[in-house]
Each structure stands twice: as C-alpha cells, then as structure tokens.
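Below is one structure, written out as structure tokens, with a few remarks after it.
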Amino acid sequence: MKGLNDSNPDMIANNLEPFEPTHPGEIIKEEIAERGISQRRLAQQMGVSYSVLNEVLNGKRPVTIEYALMLEAALGIDADLWIGMQAAYNKQMAQRDSTLQKRLAHIRRIAAML
C-alpha cells in the first residue's frame, strides 16, 4: 500500500477501490461502440449467441478465458487484459461480501491460535 507522511493511506488515490466495481463487459461494450461494431455483429464474428454475449457485456456473466481469447481474436486486444479485469472485478465483489468477510475473520482468528 502506498503512503505519504501524515496522510491516511486509505485516502490516497492509488489505494482507493472504486465505489462500484467495473465489470469488464462494460469496457468491451464501450470499445465496440467506439469502433461502430454492433453486439450482434461481434457475436456472429465470435461464433457465440447474441444473448450470451449481451449478458457478458451487461455484467450478468463473467468474461471467461474462452471469451477473452475470442475477444482477442475479434478485437485485437490481448486476452490477458480481459482476464485480469475479470479477476480484479471478482476480487472486489468478494471483498464486498459481508458473509465472506465474517468467514475470513473467523479463519484468521483460528490461524492466529495455531
């Protein structure tokens, strides 16, 4: 975590988490709109159903490794970018899950006693 003298490390821009995590589908949707590519055309080019692609673009499904590779082939944007964005999104969502946080706290307490 980055820090500055006399500053709260949680308030430094590089340490802030977004208020609402950005699903990589939103970025893909913006990219194809900027290129003038319709969702239907991209789905056809990738050989996937329009409805499934639409769910990915609307954040209802994850960008799987297979989809990331197909997007790389269709758009020329490295699959690792999409995979990394999806992993970061998944982590942020898990960190916001209060039930998971309680379980993690319990696990940490047990681990501290060992």
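Chain lettering (A, B, ...) mirrors the order of the structure tokens, residue numbering begins at 1 for each chain separately, and ligand numbering begins at 1 in order of display.
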
Residues within 10 Å of Gln86 (chain A), please, as a PyMOL selection string. Count only C-alpha atoms; anything in the same chain fewer than 2 positions from it doesn't count. chain A and resi 22-25+62-65+68+80-84+88-92

Grab the residues selected above and save them as a short mmCIF file (atom, residue, chain, number, x, y, z; two decimals), in the first residue's frame with N, CA, C and O atoms.
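Saved as result_25.cif:
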```
data_model
loop_
_atom_site.label_atom_id
_atom_site.label_comp_id
_atom_site.auth_asym_id
_atom_site.auth_seq_id
_atom_site.Cartn_x
_atom_site.Cartn_y
_atom_site.Cartn_z
N THR A 22 -16.10 -2.12 -11.73
CA THR A 22 -16.44 -2.08 -13.15
C THR A 22 -16.25 -3.47 -13.74
O THR A 22 -15.15 -4.02 -13.73
N HIS A 23 -17.34 -4.02 -14.24
CA HIS A 23 -17.28 -5.32 -14.92
C HIS A 23 -16.60 -5.12 -16.27
O HIS A 23 -16.87 -4.13 -16.96
N PRO A 24 -15.72 -6.03 -16.67
CA PRO A 24 -15.04 -5.86 -17.96
C PRO A 24 -15.99 -5.78 -19.15
O PRO A 24 -15.67 -5.17 -20.17
N GLY A 25 -17.18 -6.34 -19.01
CA GLY A 25 -18.17 -6.26 -20.09
C GLY A 25 -18.51 -4.82 -20.43
O GLY A 25 -18.77 -4.49 -21.59
N PRO A 62 -19.54 -13.67 -16.45
CA PRO A 62 -18.13 -13.29 -16.44
C PRO A 62 -17.51 -13.39 -17.83
O PRO A 62 -18.02 -14.09 -18.71
N VAL A 63 -16.40 -12.69 -18.00
CA VAL A 63 -15.59 -12.86 -19.20
C VAL A 63 -14.69 -14.06 -18.91
O VAL A 63 -13.72 -13.95 -18.16
N THR A 64 -15.06 -15.20 -19.46
CA THR A 64 -14.28 -16.42 -19.24
C THR A 64 -13.00 -16.35 -20.06
O THR A 64 -12.84 -15.49 -20.94
N ILE A 65 -12.10 -17.27 -19.80
CA ILE A 65 -10.86 -17.33 -20.58
C ILE A 65 -11.18 -17.56 -22.05
O ILE A 65 -10.58 -16.93 -22.93
N ALA A 68 -12.38 -14.33 -23.46
CA ALA A 68 -11.26 -13.41 -23.57
C ALA A 68 -10.42 -13.72 -24.81
O ALA A 68 -10.01 -12.81 -25.54
N ASP A 80 -5.19 -11.33 -21.95
CA ASP A 80 -4.75 -11.16 -20.56
C ASP A 80 -5.38 -9.92 -19.92
O ASP A 80 -5.63 -9.90 -18.72
N LEU A 81 -5.64 -8.89 -20.72
CA LEU A 81 -6.29 -7.70 -20.18
C LEU A 81 -7.68 -8.04 -19.66
O LEU A 81 -8.04 -7.69 -18.53
N TRP A 82 -8.47 -8.76 -20.47
CA TRP A 82 -9.84 -9.11 -20.07
C TRP A 82 -9.83 -10.06 -18.87
O TRP A 82 -10.64 -9.92 -17.96
N ILE A 83 -8.89 -11.02 -18.89
CA ILE A 83 -8.80 -11.99 -17.80
C ILE A 83 -8.43 -11.28 -16.50
O ILE A 83 -9.02 -11.53 -15.44
N GLY A 84 -7.48 -10.37 -16.57
CA GLY A 84 -7.06 -9.61 -15.40
C GLY A 84 -8.18 -8.72 -14.87
O GLY A 84 -8.37 -8.61 -13.65
N ALA A 88 -9.89 -9.01 -11.18
CA ALA A 88 -9.96 -7.86 -10.28
C ALA A 88 -11.41 -7.58 -9.88
O ALA A 88 -11.69 -7.30 -8.70
N TYR A 89 -12.32 -7.69 -10.83
CA TYR A 89 -13.75 -7.49 -10.55
C TYR A 89 -14.24 -8.54 -9.55
O TYR A 89 -14.91 -8.22 -8.57
N ASN A 90 -13.87 -9.81 -9.80
CA ASN A 90 -14.29 -10.89 -8.90
C ASN A 90 -13.76 -10.66 -7.49
O ASN A 90 -14.48 -10.86 -6.50
N LYS A 91 -12.50 -10.23 -7.38
CA LYS A 91 -11.90 -9.99 -6.07
C LYS A 91 -12.63 -8.84 -5.35
O LYS A 91 -12.96 -8.95 -4.17
N GLN A 92 -12.90 -7.76 -6.06
CA GLN A 92 -13.59 -6.63 -5.45
C GLN A 92 -14.99 -7.04 -4.98
O GLN A 92 -15.42 -6.63 -3.90
#
```

Contact residues around region 26-37 of chain A with only C-alpha atoms at 12 Å, ignoring same-chain residues under 4 positions, as a PyMOL selection string: chain A and resi 21-22+41-45+53-63+67-68+71-72+74-77+79+81-82+85-86+89

Find the distance between CA of Arg108 (chain A) and CA of Gln95 (chain A) and write it in Å to one decimal. 15.0 Å

In Å, rounded to a single decimal, give me how far CA of Ala105 (chain A) is from CA of Glu20 (chain A).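 Separation of CA of Glu20 (chain A) and CA of Ala105 (chain A): 23.2 Å.
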
Select from region 6-103 of chain A everything DSSP, run on the backbone, classes as helix (DSSP H, G or I), then give the selection as a ChimeraX atom specification. /A:9-11,13-15,24-35,39-46,50-57,65-75,79-95,98-103
